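Colleague: This structure is in structure tokens; I'll ask about it shortly.
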Amino acid sequence: MPRFPDHLTGDGPTNPFPGIRVLERRLGREIPHRLGSNEGLDMPHRALREHFGDAMVEHAYCYGDSEALGVRQRLADQQGIPLDALLVDAGADSLIALALRTVAEPGTTVVATAGTYPTFGYFARGQGCRLLELPYEESPGRLAPDLDALVDTARQSQARLVYLANPDNPTGHLHGDEAIRCLREALPDDCWLLLDEAYHDFREDADTPFAREVLPGVIRLRTLSKAHGLAGLRIGYAIAEPETLAMMMKVRIHYGVSTLTLAAAEVVLDHPDETREHIAAVHRRRARLSEYLRGLGAEVLPSATNFIGIRMPSAELAERVNRELLEAGRLIARPAHPGLGHVLRITAVEDALVPGRLKLLEDALRET
């Protein structure tokens with residue numbers, strides 16, 4: 001089992017203000033008179049009411065539930081994940097920073113793939129970690145994080161944590177469940193695996209028994225930004241052993257998720273058919289977009305996400321196409337890391353399928 005930093009064990013820090021929702025649960029009764037919360041409960045909010053309505057304003061007054069019990073209960077019921085193995089925070093980005101803050105002291109080594117979701121590297125450097133980045137494994141039809149290289153480097157460097165996005169961003173590659181299990185088993189016992197599953201919902205096999213497992217030494221991250229359409233409200237969740245989540249709660253910003261965000265997430269989770277409909281539509285659009293671009297000669301990488309990756313013949317061509325599309329008001333994505341400069345990423349939205357929308361890319365593909 002990987003260890004926790006010394007400053008978190010023993011007495012460690014505890015949240016001095018757990019909030020009224022937590023206090024009510026501890027007492028087993030409602031607290032109707034909030035006379036000590038200092039939350040501006042008597043602010044009239046006339047402007048907010050006029051703009052958004054009374055229902056929204058009720059969520060503006062008070063701090064949210066620091067334990068996000070309502071969201072966690074819904075996730076637990078729908079996905080079969082134990083309630084005490086779930087922690088809610090302000091999106092996958094916040095969860096990445098929280099995981100690093102919990103398990104990786106400044107100066108420790110962390111390992112990732114060069115060009116994978118760059119926010120991990122941003123937070124790792126900000127935490128004062130030594131970041132080792134390894135090239136993607138690249139072959140015909142494949143652009144994937146190299147699991148063997150991640151293991152070897154973790155062992156050689158005595159790494160504290162290995163980061164893997166699965167499905168990967170920006171390539172869309174998916175490592176199967178058994179490969180992830182083998183990765184965890186091959187890592188040193190004292191090395192954490194931070195498994196970023198932000199695009200998990202778009203997997204064709206998203207609802208497997210492995211998807212709900214609580215894996216020792218692993219912190220799994222998921223989000224409600226993609227399949228659930230709540231990116232602007234910032235909410236995601238971690239799946240990990242209760243002991244690990246207890247340590248994360250020691251250093252978490254407890255009110256980082258607003259009352260409004262929690263309420264909106266509960267509404268969306270209460271209507272899972274809408275989410276399933278959205279996911280199915282994404283699958284159809286992803287297939288149509290892939291088929292169309294392959295018909296123009298593009299090398300479209302396999303994707304288990306809500307986007308497709310295109311491996312262009314050169315980084316120079318990818319840069320030109322990306323730049324010209326942006327100048328024409330069409331934003332796609334080209335990874336900033338030079339190792340992936342030949343990759344373009346296009347989200348499978350309906351707008352991408354409008355005839356002529358990607359004409360500059362189409363013309364470039366016809367020229368190659």
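Letters A, B, ... go to the chains of the structure tokens in the order shown; residues in each chain start at 1; ligands are counted from 1 in the same order.
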Using only C-alpha atoms, which protein or nucleic acid residues come within 8 Å of region 123-132 of chain A? Drop anything in the same chain fewer than 5 positions from it, and give the result as a ChimeraX atom specification.

Modeller: /A:96-97,100-101,104-112

Colleague: Create the file for the chosen residues now, containing N, CA and C atoms and written as a PDB file, in the first residue's frame.

Modeller:
ATOM      1  N   ILE A  96      -7.347  16.351  -9.524  1.00  0.00           N
ATOM      2  CA  ILE A  96      -5.928  16.082  -9.796  1.00  0.00           C
ATOM      3  C   ILE A  96      -5.057  16.833  -8.797  1.00  0.00           C
ATOM      4  N   ALA A  97      -5.333  18.124  -8.631  1.00  0.00           N
ATOM      5  CA  ALA A  97      -4.553  18.927  -7.683  1.00  0.00           C
ATOM      6  C   ALA A  97      -4.697  18.390  -6.266  1.00  0.00           C
ATOM      7  N   LEU A 100      -2.601  15.143  -5.808  1.00  0.00           N
ATOM      8  CA  LEU A 100      -1.177  15.466  -5.650  1.00  0.00           C
ATOM      9  C   LEU A 100      -0.902  16.073  -4.281  1.00  0.00           C
ATOM     10  N   ARG A 101      -1.771  16.968  -3.851  1.00  0.00           N
ATOM     11  CA  ARG A 101      -1.590  17.617  -2.556  1.00  0.00           C
ATOM     12  C   ARG A 101      -1.633  16.596  -1.423  1.00  0.00           C
ATOM     13  N   ALA A 104       1.716  13.474  -2.670  1.00  0.00           N
ATOM     14  CA  ALA A 104       3.033  13.755  -3.259  1.00  0.00           C
ATOM     15  C   ALA A 104       3.622  15.023  -2.662  1.00  0.00           C
ATOM     16  N   GLU A 105       4.518  14.857  -1.694  1.00  0.00           N
ATOM     17  CA  GLU A 105       5.175  16.024  -1.121  1.00  0.00           C
ATOM     18  C   GLU A 105       6.082  16.690  -2.161  1.00  0.00           C
ATOM     19  N   PRO A 106       6.364  17.973  -1.978  1.00  0.00           N
ATOM     20  CA  PRO A 106       7.349  18.625  -2.848  1.00  0.00           C
ATOM     21  C   PRO A 106       8.655  17.844  -2.868  1.00  0.00           C
ATOM     22  N   GLY A 107       9.228  17.703  -4.067  1.00  0.00           N
ATOM     23  CA  GLY A 107      10.478  16.983  -4.218  1.00  0.00           C
ATOM     24  C   GLY A 107      10.326  15.537  -4.625  1.00  0.00           C
ATOM     25  N   THR A 108       9.126  14.971  -4.479  1.00  0.00           N
ATOM     26  CA  THR A 108       8.928  13.587  -4.875  1.00  0.00           C
ATOM     27  C   THR A 108       8.736  13.491  -6.386  1.00  0.00           C
ATOM     28  N   THR A 109       8.987  12.300  -6.918  1.00  0.00           N
ATOM     29  CA  THR A 109       8.915  12.070  -8.358  1.00  0.00           C
ATOM     30  C   THR A 109       7.542  11.561  -8.750  1.00  0.00           C
ATOM     31  N   VAL A 110       7.006  12.129  -9.823  1.00  0.00           N
ATOM     32  CA  VAL A 110       5.765  11.631 -10.412  1.00  0.00           C
ATOM     33  C   VAL A 110       6.018  11.391 -11.896  1.00  0.00           C
ATOM     34  N   VAL A 111       5.269  10.452 -12.481  1.00  0.00           N
ATOM     35  CA  VAL A 111       5.525   9.995 -13.846  1.00  0.00           C
ATOM     36  C   VAL A 111       4.243  10.101 -14.665  1.00  0.00           C
ATOM     37  N   ALA A 112       4.379  10.555 -15.901  1.00  0.00           N
ATOM     38  CA  ALA A 112       3.231  10.656 -16.808  1.00  0.00           C
ATOM     39  C   ALA A 112       3.730  10.494 -18.239  1.00  0.00           C
TER      40      ALA A 112
END

Colleague: Skip Ser94 (chain A) itself and residues of its chain fewer than 5 positions away, then list as an NGL selection string all residues within 9 Å of it, counting only C-alpha atoms.

Modeller: :A and (89 or 99 or 234-236 or 256)

Colleague: Restrict the selected residues to N, CA, C and O atoms and save them as a short mmCIF file (atom, residue, chain, number, x, y, z; two decimals), in the first residue's frame.

Modeller:
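Output below, filename out_14.cif:
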data_model
loop_
_atom_site.label_atom_id
_atom_site.label_comp_id
_atom_site.auth_asym_id
_atom_site.auth_seq_id
_atom_site.Cartn_x
_atom_site.Cartn_y
_atom_site.Cartn_z
N ASP A 89 -15.70 16.81 -5.78
CA ASP A 89 -14.95 18.06 -5.75
C ASP A 89 -15.23 18.84 -7.03
O ASP A 89 -16.03 18.41 -7.88
N ALA A 99 -5.38 15.26 -5.34
CA ALA A 99 -4.65 14.00 -5.20
C ALA A 99 -3.16 14.24 -5.01
O ALA A 99 -2.52 13.63 -4.15
N ARG A 234 -18.48 22.99 -12.69
CA ARG A 234 -17.31 22.41 -12.03
C ARG A 234 -17.68 21.40 -10.95
O ARG A 234 -17.82 21.72 -9.78
N ILE A 235 -17.80 20.14 -11.37
CA ILE A 235 -18.06 19.08 -10.42
C ILE A 235 -17.57 17.74 -10.99
O ILE A 235 -17.76 17.45 -12.17
N GLY A 236 -16.90 16.99 -10.16
CA GLY A 236 -16.44 15.66 -10.51
C GLY A 236 -16.30 14.84 -9.25
O GLY A 236 -16.63 15.31 -8.15
N GLY A 256 -15.48 24.11 -2.12
CA GLY A 256 -15.12 24.38 -3.50
C GLY A 256 -16.24 24.09 -4.47
O GLY A 256 -16.22 24.57 -5.61
#

Colleague: What does the structure give for the distance between CA of Ala352 (chain A) and CA of Arg330 (chain A), in Å to one decimal?

Modeller: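 So the two atoms, CA of Ala352 (chain A) and CA of Arg330 (chain A), lie 9.3 Å apart.
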
Colleague: So, counting only C-alpha atoms, which residue among A:Leu262, A:Val343, A:Leu230, A:Pro209 is closest to His59 (chain A)?

Modeller: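 For His59 (chain A), the nearest of the candidates is A:Leu262.
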
Colleague: Report the distance between CA of Ala238 (chain A) and CA of Pro145 (chain A) in Å, rounded to one decimal place.

Modeller: 21.7 Å

Colleague: Compile the contact shell of region 150-158 of chain A as number ranges by chain: residues with an atom at most 6 Å away, counting only C-alpha atoms, same-chain residues fewer than 2 positions apart removed.

Modeller: A: 147-148, 187

Colleague: Taking the backbone alone, and naming residues the way the document does, which bits of region 118-356 of chain A are helix (DSSP H, G or I) by DSSP, as a PyMOL selection string?

Modeller: chain A and resi 119-126+147-157+177-186+200-202+209-212+231-233+242-250+259-269+272-295+315-327+338-340+350-353

Colleague: Report the residues of region 2-213 of chain A whose backbone DSSP state falls under strand (DSSP E or B), written as a PyMOL selection string.

Modeller: chain A and resi 86-89+109-113+130-134+137-139+142-144+161-165+192-196

Colleague: With only C-alpha atoms as the atoms that count, which of A:Arg21, A:Arg142, A:Arg366, A:His228 lies nearest to Arg34 (chain A)?

Modeller: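 Looking at the shortest contact to Arg34 (chain A), the residue is A:Arg21.
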
Colleague: Which residues are close to Glu241 (chain A), i.e. within 7 Å by only C-alpha atoms, leaving aside same-chain residues fewer than 5 positions away? Reply as number ranges by chain.

Modeller: A: 85, 214, 216
